[in-house]
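Undergrad: One structure coming up, written as structure tokens, with questions to follow.
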Amino acid sequence: MNFDDFEKKLQRQPLRQVPASWHESILRQAREQTHSTTPRAMLIHAVLITWRELIQPGRYAWSAMAALWLAFWMINSHMQVEEPATRLAAKSSPAASEQIGSFVEQRRVLAELTGPIDLSPAERPRPSDPKPHSERVLQIRSC
Amino acid sequence: MQKHMPSGLDLQRLYDEHAQVLFAFLLNITRDEHDTRDVLQDIFIKLARQPALLSGARDVRAFLLRLAHNTYLDLVRRRGTRSKYHEQFGAEQLAVFAPDDNPDESAFREALSGVLGELPVEQRAVVHLKLWENFTFEQIAEALDIPPNTAASRYRYGLDKLRARLRPLYNEIK
């Protein structure tokens with residue numbers, strides 16, 4: 001592709017020079033990075049990169065998710081605390097002890113009516129003799 | 001023009017040979033001197049950390065310009081939505097060209113810098129690489145990760161806008 005006069009005119013425009021003061025500072029910082037390759041520095045760098053690339057761009061979404069998770073966790077832990085407390089309350093209430101008493105009484109009466117429960121192991125079923133069905137089939141086939 | 005990298009990474013030499021090219025390109029696409037410095041710094045930190053990045057590069061200058069473009073895109077992503085940031089870049093009035101004693105030339109450069117700033121950044125990057133780095137459309141396509149036809153059309157659109165806006169001034173000083 002050939003350039004026309006206008007393009008040539010644009011090409012002739014000299015671009016601005018890079019500031020001389022940048023040279024030293026950019027190279028110094030770059031060299032410092034090469035020395036910071038200890039495991040701790042790498043871990044910090046990984047955390048920073050994760051923060052910069054993953055968390056920071058969607059920080060509101062991450063915050064909302066964290067808040068939601070925290071709310072669920074709090075509700076869940078609150079419910080777990082409540083459960084033994086209600087059990088304890090049920091134990092100590094007079095209505096519950098009455099119910100337990102009547103249940104024990106019912107079991108005693110049932111035991112009197114049915115007699116002692118035989119706890120001996122049940123007799124194992126006797127293994128049945130093999131039936132001659134298969135042999136019969138063979139006899140029919142041989143005929 | 002193929003420039004091969006020596007076996008060991010010499011940051012000093014790399015800076016001396018390529019910082020000017022990267023600076024001009026980044027200044028034109030970011031339209032901000034601080035961002036240009038940040039991206040240039042990031043590039044040299046990446047190279048210092050991973051010298052192997054350059055080992056497979058056939059053309060170091062083209063590779064570094066590609067790296068510069070990608071690092072710039074990372075910066076844009078970090079700062080929020082791309083379109084919003086691009087609008088901000090475009091609005092910046094910044095001297096991309098060296099000053100000149102001749103008032104006509106100086107006025108032309110100022111106007112050119114301003115009109116370049118009005119182009120969408122995608123067109124501006126293509127125009128820069130074509131005019132001031134003398135890249136082919138294939139090289140531009142590789143550097144910016146776009147198809148060559150897209151590079152060609154972006155250049156045509158960009159140049160048409162520059163021509164339309166600068167024609168009066170250009171005819172005057174021609």
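Numbering starts fresh at 1 for the residues of each chain in the structure tokens, the chains themselves are lettered A, B, ... in the order given, and ligands are numbered from 1 as they appear.
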Show me which bits of chain B are within 7 Å of chain A, counting only C-alpha atoms, as number ranges by chain.
TA: B: 20, 23-24, 41, 44-45, 48-49, 78, 80, 96-98, 131-132
Undergrad: Just N, CA and C atoms for this one: save the residues we selected as a PDB file, in the first residue's frame.
TA:
ATOM      1  N   GLN B  20      11.187   4.021  23.719  1.00  0.00           N
ATOM      2  CA  GLN B  20      10.646   5.151  22.965  1.00  0.00           C
ATOM      3  C   GLN B  20       9.430   4.734  22.120  1.00  0.00           C
ATOM      4  N   PHE B  23       6.559   3.966  24.465  1.00  0.00           N
ATOM      5  CA  PHE B  23       6.050   5.211  25.055  1.00  0.00           C
ATOM      6  C   PHE B  23       5.113   5.929  24.075  1.00  0.00           C
ATOM      7  N   ALA B  24       5.573   6.089  22.833  1.00  0.00           N
ATOM      8  CA  ALA B  24       4.774   6.821  21.838  1.00  0.00           C
ATOM      9  C   ALA B  24       3.445   6.104  21.584  1.00  0.00           C
ATOM     10  N   GLN B  41       5.860   0.638  33.000  1.00  0.00           N
ATOM     11  CA  GLN B  41       6.449   0.005  34.189  1.00  0.00           C
ATOM     12  C   GLN B  41       6.016  -1.459  34.294  1.00  0.00           C
ATOM     13  N   PHE B  44       7.928  -3.733  31.884  1.00  0.00           N
ATOM     14  CA  PHE B  44       9.297  -4.070  32.279  1.00  0.00           C
ATOM     15  C   PHE B  44       9.322  -4.963  33.519  1.00  0.00           C
ATOM     16  N   ILE B  45       8.328  -4.837  34.368  1.00  0.00           N
ATOM     17  CA  ILE B  45       8.244  -5.755  35.520  1.00  0.00           C
ATOM     18  C   ILE B  45       7.933  -7.171  35.025  1.00  0.00           C
ATOM     19  N   ALA B  48      11.035  -8.562  33.556  1.00  0.00           N
ATOM     20  CA  ALA B  48      12.034  -8.899  34.569  1.00  0.00           C
ATOM     21  C   ALA B  48      11.663 -10.190  35.289  1.00  0.00           C
ATOM     22  N   ARG B  49      10.362 -10.372  35.513  1.00  0.00           N
ATOM     23  CA  ARG B  49       9.906 -11.575  36.212  1.00  0.00           C
ATOM     24  C   ARG B  49       9.959 -12.803  35.317  1.00  0.00           C
ATOM     25  N   ARG B  78      -9.165  -3.329  34.723  1.00  0.00           N
ATOM     26  CA  ARG B  78      -9.032  -3.093  36.168  1.00  0.00           C
ATOM     27  C   ARG B  78      -9.804  -1.859  36.607  1.00  0.00           C
ATOM     28  N   GLY B  80     -12.520  -0.566  35.276  1.00  0.00           N
ATOM     29  CA  GLY B  80     -13.971  -0.572  35.097  1.00  0.00           C
ATOM     30  C   GLY B  80     -14.349  -0.816  33.666  1.00  0.00           C
ATOM     31  N   VAL B  96       0.997  14.558  21.727  1.00  0.00           N
ATOM     32  CA  VAL B  96       1.585  13.268  21.369  1.00  0.00           C
ATOM     33  C   VAL B  96       2.867  13.487  20.561  1.00  0.00           C
ATOM     34  N   PHE B  97       2.965  14.682  19.951  1.00  0.00           N
ATOM     35  CA  PHE B  97       4.103  14.951  19.065  1.00  0.00           C
ATOM     36  C   PHE B  97       5.082  15.935  19.705  1.00  0.00           C
ATOM     37  N   ALA B  98       6.297  15.880  19.199  1.00  0.00           N
ATOM     38  CA  ALA B  98       7.336  16.774  19.706  1.00  0.00           C
ATOM     39  C   ALA B  98       6.988  18.216  19.320  1.00  0.00           C
ATOM     40  N   LEU B 131       1.178   4.233  10.631  1.00  0.00           N
ATOM     41  CA  LEU B 131       1.893   5.445  10.214  1.00  0.00           C
ATOM     42  C   LEU B 131       3.255   5.599  10.881  1.00  0.00           C
ATOM     43  N   TRP B 132       3.312   5.332  12.178  1.00  0.00           N
ATOM     44  CA  TRP B 132       4.553   5.671  12.895  1.00  0.00           C
ATOM     45  C   TRP B 132       5.415   4.461  13.226  1.00  0.00           C
TER      46      TRP B 132
END
Undergrad: For Ser113 of chain B, work out the shell of residues within 10 Å, counting only C-alpha atoms and skipping chain neighbours fewer than 2 positions away, then give it as a PDB file with C-alpha atoms, in the first residue's frame.
TA:
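The resulting result_26.pdb:
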ATOM      1  CA  ASN B  28      -1.322   7.750  21.853  1.00  0.00           C
ATOM      2  CA  ARG B  31      -3.864   9.754  26.170  1.00  0.00           C
ATOM      3  CA  GLN B  93      -6.023  16.699  25.230  1.00  0.00           C
ATOM      4  CA  LEU B  94      -2.428  15.663  25.172  1.00  0.00           C
ATOM      5  CA  ALA B  95       0.643  16.481  23.124  1.00  0.00           C
ATOM      6  CA  VAL B  96       1.585  13.268  21.369  1.00  0.00           C
ATOM      7  CA  PHE B  97       4.103  14.951  19.065  1.00  0.00           C
ATOM      8  CA  ALA B 107      -0.426  24.163  14.950  1.00  0.00           C
ATOM      9  CA  PHE B 108      -0.690  21.162  12.627  1.00  0.00           C
ATOM     10  CA  ARG B 109       0.780  18.810  15.235  1.00  0.00           C
ATOM     11  CA  GLU B 110      -1.527  20.165  17.896  1.00  0.00           C
ATOM     12  CA  ALA B 111      -4.535  19.717  15.633  1.00  0.00           C
ATOM     13  CA  VAL B 115      -8.112  14.760  16.116  1.00  0.00           C
ATOM     14  CA  LEU B 116      -6.299  11.524  16.955  1.00  0.00           C
ATOM     15  CA  GLY B 117      -7.760  11.836  20.432  1.00  0.00           C
ATOM     16  CA  GLU B 118     -11.239  11.951  18.935  1.00  0.00           C
TER      17      GLU B 118
END
Undergrad: Residues near His128 of chain B, anyone? I mean within 9 Å using only C-alpha atoms, not counting same-chain ones fewer than 5 positions away, as an NGL selection string.
TA: :B and (24-25 or 28-29 or 123 or 133-134)
Undergrad: Find the residues near Arg154 of chain B: any atom within 8 Å, counting only C-alpha atoms, skip ones fewer than 5 places away on the same chain, and give them as a list in words.
TA: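 The residues that qualify are Glu122, Gln123, Val126 and Val127 of chain B.
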Undergrad: Would you kindly return, as a VMD selection string, each protein, DNA or RNA residue with an atom no farther than 10 Å from any atom of Leu65 of chain B, considering only C-alpha atoms and excluding same-chain residues fewer than 6 positions away?
TA: chain B and resid 18 21 to 23 25 to 26 43 71 129 133 140 143 to 144
Undergrad: Write a file of the just-selected residues containing N, CA and C atoms, as a PDB file, in the first residue's frame.
TA:
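The file below, part.pdb, is the result:
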ATOM      1  N   HIS B  18      13.756  -0.003  22.976  1.00  0.00           N
ATOM      2  CA  HIS B  18      12.312  -0.082  22.691  1.00  0.00           C
ATOM      3  C   HIS B  18      11.418   0.837  23.520  1.00  0.00           C
ATOM      4  N   VAL B  21       9.559   3.603  21.453  1.00  0.00           N
ATOM      5  CA  VAL B  21       8.465   3.092  20.611  1.00  0.00           C
ATOM      6  C   VAL B  21       7.232   2.786  21.469  1.00  0.00           C
ATOM      7  N   LEU B  22       7.480   2.136  22.609  1.00  0.00           N
ATOM      8  CA  LEU B  22       6.371   1.772  23.501  1.00  0.00           C
ATOM      9  C   LEU B  22       5.725   3.019  24.096  1.00  0.00           C
ATOM     10  N   PHE B  23       6.559   3.966  24.465  1.00  0.00           N
ATOM     11  CA  PHE B  23       6.050   5.211  25.055  1.00  0.00           C
ATOM     12  C   PHE B  23       5.113   5.929  24.075  1.00  0.00           C
ATOM     13  N   PHE B  25       3.506   4.790  21.461  1.00  0.00           N
ATOM     14  CA  PHE B  25       2.282   4.015  21.210  1.00  0.00           C
ATOM     15  C   PHE B  25       1.323   4.120  22.399  1.00  0.00           C
ATOM     16  N   LEU B  26       1.872   3.935  23.589  1.00  0.00           N
ATOM     17  CA  LEU B  26       1.015   3.960  24.783  1.00  0.00           C
ATOM     18  C   LEU B  26       0.448   5.354  25.047  1.00  0.00           C
ATOM     19  N   ILE B  43       5.121  -3.441  31.945  1.00  0.00           N
ATOM     20  CA  ILE B  43       5.767  -4.233  30.893  1.00  0.00           C
ATOM     21  C   ILE B  43       7.163  -4.664  31.349  1.00  0.00           C
ATOM     22  N   THR B  71      -1.305  -5.139  28.002  1.00  0.00           N
ATOM     23  CA  THR B  71      -1.175  -4.567  29.342  1.00  0.00           C
ATOM     24  C   THR B  71      -2.102  -3.359  29.491  1.00  0.00           C
ATOM     25  N   LEU B 129       0.183   2.377  14.582  1.00  0.00           N
ATOM     26  CA  LEU B 129       1.114   1.316  14.157  1.00  0.00           C
ATOM     27  C   LEU B 129       1.408   1.395  12.660  1.00  0.00           C
ATOM     28  N   GLU B 133       4.885   3.267  13.041  1.00  0.00           N
ATOM     29  CA  GLU B 133       5.721   2.070  13.189  1.00  0.00           C
ATOM     30  C   GLU B 133       5.900   1.359  11.854  1.00  0.00           C
ATOM     31  N   ILE B 140      -0.015  -5.612  12.201  1.00  0.00           N
ATOM     32  CA  ILE B 140      -0.964  -4.916  13.098  1.00  0.00           C
ATOM     33  C   ILE B 140      -1.978  -5.921  13.639  1.00  0.00           C
ATOM     34  N   ALA B 143      -0.390  -7.923  16.311  1.00  0.00           N
ATOM     35  CA  ALA B 143      -0.123  -7.150  17.533  1.00  0.00           C
ATOM     36  C   ALA B 143      -1.402  -6.860  18.309  1.00  0.00           C
ATOM     37  N   LEU B 144      -2.478  -6.587  17.585  1.00  0.00           N
ATOM     38  CA  LEU B 144      -3.724  -6.193  18.267  1.00  0.00           C
ATOM     39  C   LEU B 144      -4.727  -7.338  18.366  1.00  0.00           C
TER      40      LEU B 144
END
Undergrad: Rounded to one decimal place, report the atom CA of Leu112 of chain B-atom CA of Leu162 of chain B distance in Å.
TA: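 Between atom CA of Leu112 of chain B and atom CA of Leu162 of chain B the gap is 7.5 Å.
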Undergrad: Write out as a VMD selection string the set of residues from segment 27-140 of chain B that DSSP, computed on the backbone, places in helix (DSSP H, G or I).
TA: chain B and resid 27 to 30 33 to 49 51 to 54 60 to 79 82 to 91 103 to 118 121 to 132 137 to 140
Undergrad: Only C-alpha atoms, please: the residues just picked out, written as a short mmCIF file (atom, residue, chain, number, x, y, z; two decimals), in the first residue's frame.
TA:
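Written out: out-v7.cif:
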data_model
loop_
_atom_site.label_atom_id
_atom_site.label_comp_id
_atom_site.auth_asym_id
_atom_site.auth_seq_id
_atom_site.Cartn_x
_atom_site.Cartn_y
_atom_site.Cartn_z
CA LEU B 27 0.78 7.73 25.01
CA ASN B 28 -1.32 7.75 21.85
CA ILE B 29 -3.72 5.06 23.04
CA THR B 30 -3.97 5.97 26.73
CA GLU B 33 1.09 10.34 30.76
CA HIS B 34 0.58 8.65 34.14
CA ASP B 35 -1.16 5.67 32.60
CA THR B 36 1.56 5.46 29.97
CA ARG B 37 4.16 5.30 32.70
CA ASP B 38 2.18 2.70 34.66
CA VAL B 39 1.80 0.45 31.63
CA LEU B 40 5.45 0.88 30.63
CA GLN B 41 6.45 0.00 34.19
CA ASP B 42 4.20 -3.07 34.15
CA ILE B 43 5.77 -4.23 30.89
CA PHE B 44 9.30 -4.07 32.28
CA ILE B 45 8.24 -5.76 35.52
CA LYS B 46 6.68 -8.58 33.51
CA LEU B 47 9.84 -8.93 31.47
CA ALA B 48 12.03 -8.90 34.57
CA ARG B 49 9.91 -11.57 36.21
CA PRO B 51 12.54 -13.31 30.87
CA ALA B 52 11.36 -16.38 28.95
CA LEU B 53 8.53 -14.27 27.52
CA LEU B 54 10.92 -12.93 24.92
CA VAL B 60 10.98 -8.14 19.64
CA ARG B 61 9.49 -4.75 18.77
CA ALA B 62 6.26 -6.32 17.49
CA PHE B 63 6.12 -8.59 20.53
CA LEU B 64 6.61 -5.66 22.91
CA LEU B 65 3.93 -3.60 21.18
CA ARG B 66 1.55 -6.54 21.49
CA LEU B 67 2.47 -6.86 25.16
CA ALA B 68 1.93 -3.10 25.57
CA HIS B 69 -1.53 -3.33 24.02
CA ASN B 70 -2.49 -6.29 26.23
CA THR B 71 -1.18 -4.57 29.34
CA TYR B 72 -3.17 -1.47 28.42
CA LEU B 73 -6.31 -3.61 28.08
CA ASP B 74 -5.62 -5.09 31.52
CA LEU B 75 -5.42 -1.58 32.91
CA VAL B 76 -8.74 -0.70 31.30
CA ARG B 77 -10.38 -3.83 32.73
CA ARG B 78 -9.03 -3.09 36.17
CA ARG B 79 -10.47 0.38 36.13
CA ARG B 82 -14.04 -0.31 28.81
CA SER B 83 -16.28 2.07 26.93
CA LYS B 84 -16.40 4.50 29.84
CA TYR B 85 -12.64 4.54 30.09
CA HIS B 86 -12.21 4.93 26.36
CA GLU B 87 -14.44 7.96 26.38
CA GLN B 88 -12.29 9.42 29.10
CA PHE B 89 -9.14 8.69 27.09
CA GLY B 90 -10.58 10.30 24.01
CA ALA B 91 -11.49 13.43 25.90
CA PRO B 103 4.12 27.96 14.28
CA ASP B 104 2.39 26.36 11.28
CA GLU B 105 3.93 22.97 12.00
CA SER B 106 3.23 23.37 15.67
CA ALA B 107 -0.43 24.16 14.95
CA PHE B 108 -0.69 21.16 12.63
CA ARG B 109 0.78 18.81 15.23
CA GLU B 110 -1.53 20.16 17.90
CA ALA B 111 -4.54 19.72 15.63
CA LEU B 112 -3.39 16.22 14.62
CA SER B 113 -2.96 15.26 18.25
CA GLY B 114 -6.44 16.54 19.04
CA VAL B 115 -8.11 14.76 16.12
CA LEU B 116 -6.30 11.52 16.96
CA GLY B 117 -7.76 11.84 20.43
CA GLU B 118 -11.24 11.95 18.93
CA VAL B 121 -8.98 3.85 20.56
CA GLU B 122 -9.14 0.79 18.26
CA GLN B 123 -8.72 3.01 15.19
CA ARG B 124 -6.09 5.12 16.90
CA ALA B 125 -3.97 2.08 17.71
CA VAL B 126 -4.12 0.86 14.09
CA VAL B 127 -3.35 4.32 12.67
CA HIS B 128 -0.41 4.68 15.03
CA LEU B 129 1.11 1.32 14.16
CA LYS B 130 0.61 1.90 10.44
CA LEU B 131 1.89 5.44 10.21
CA TRP B 132 4.55 5.67 12.89
CA PHE B 137 -1.77 -4.92 8.25
CA GLU B 138 -0.69 -8.49 9.01
CA GLN B 139 1.69 -7.23 11.69
CA ILE B 140 -0.96 -4.92 13.10
#
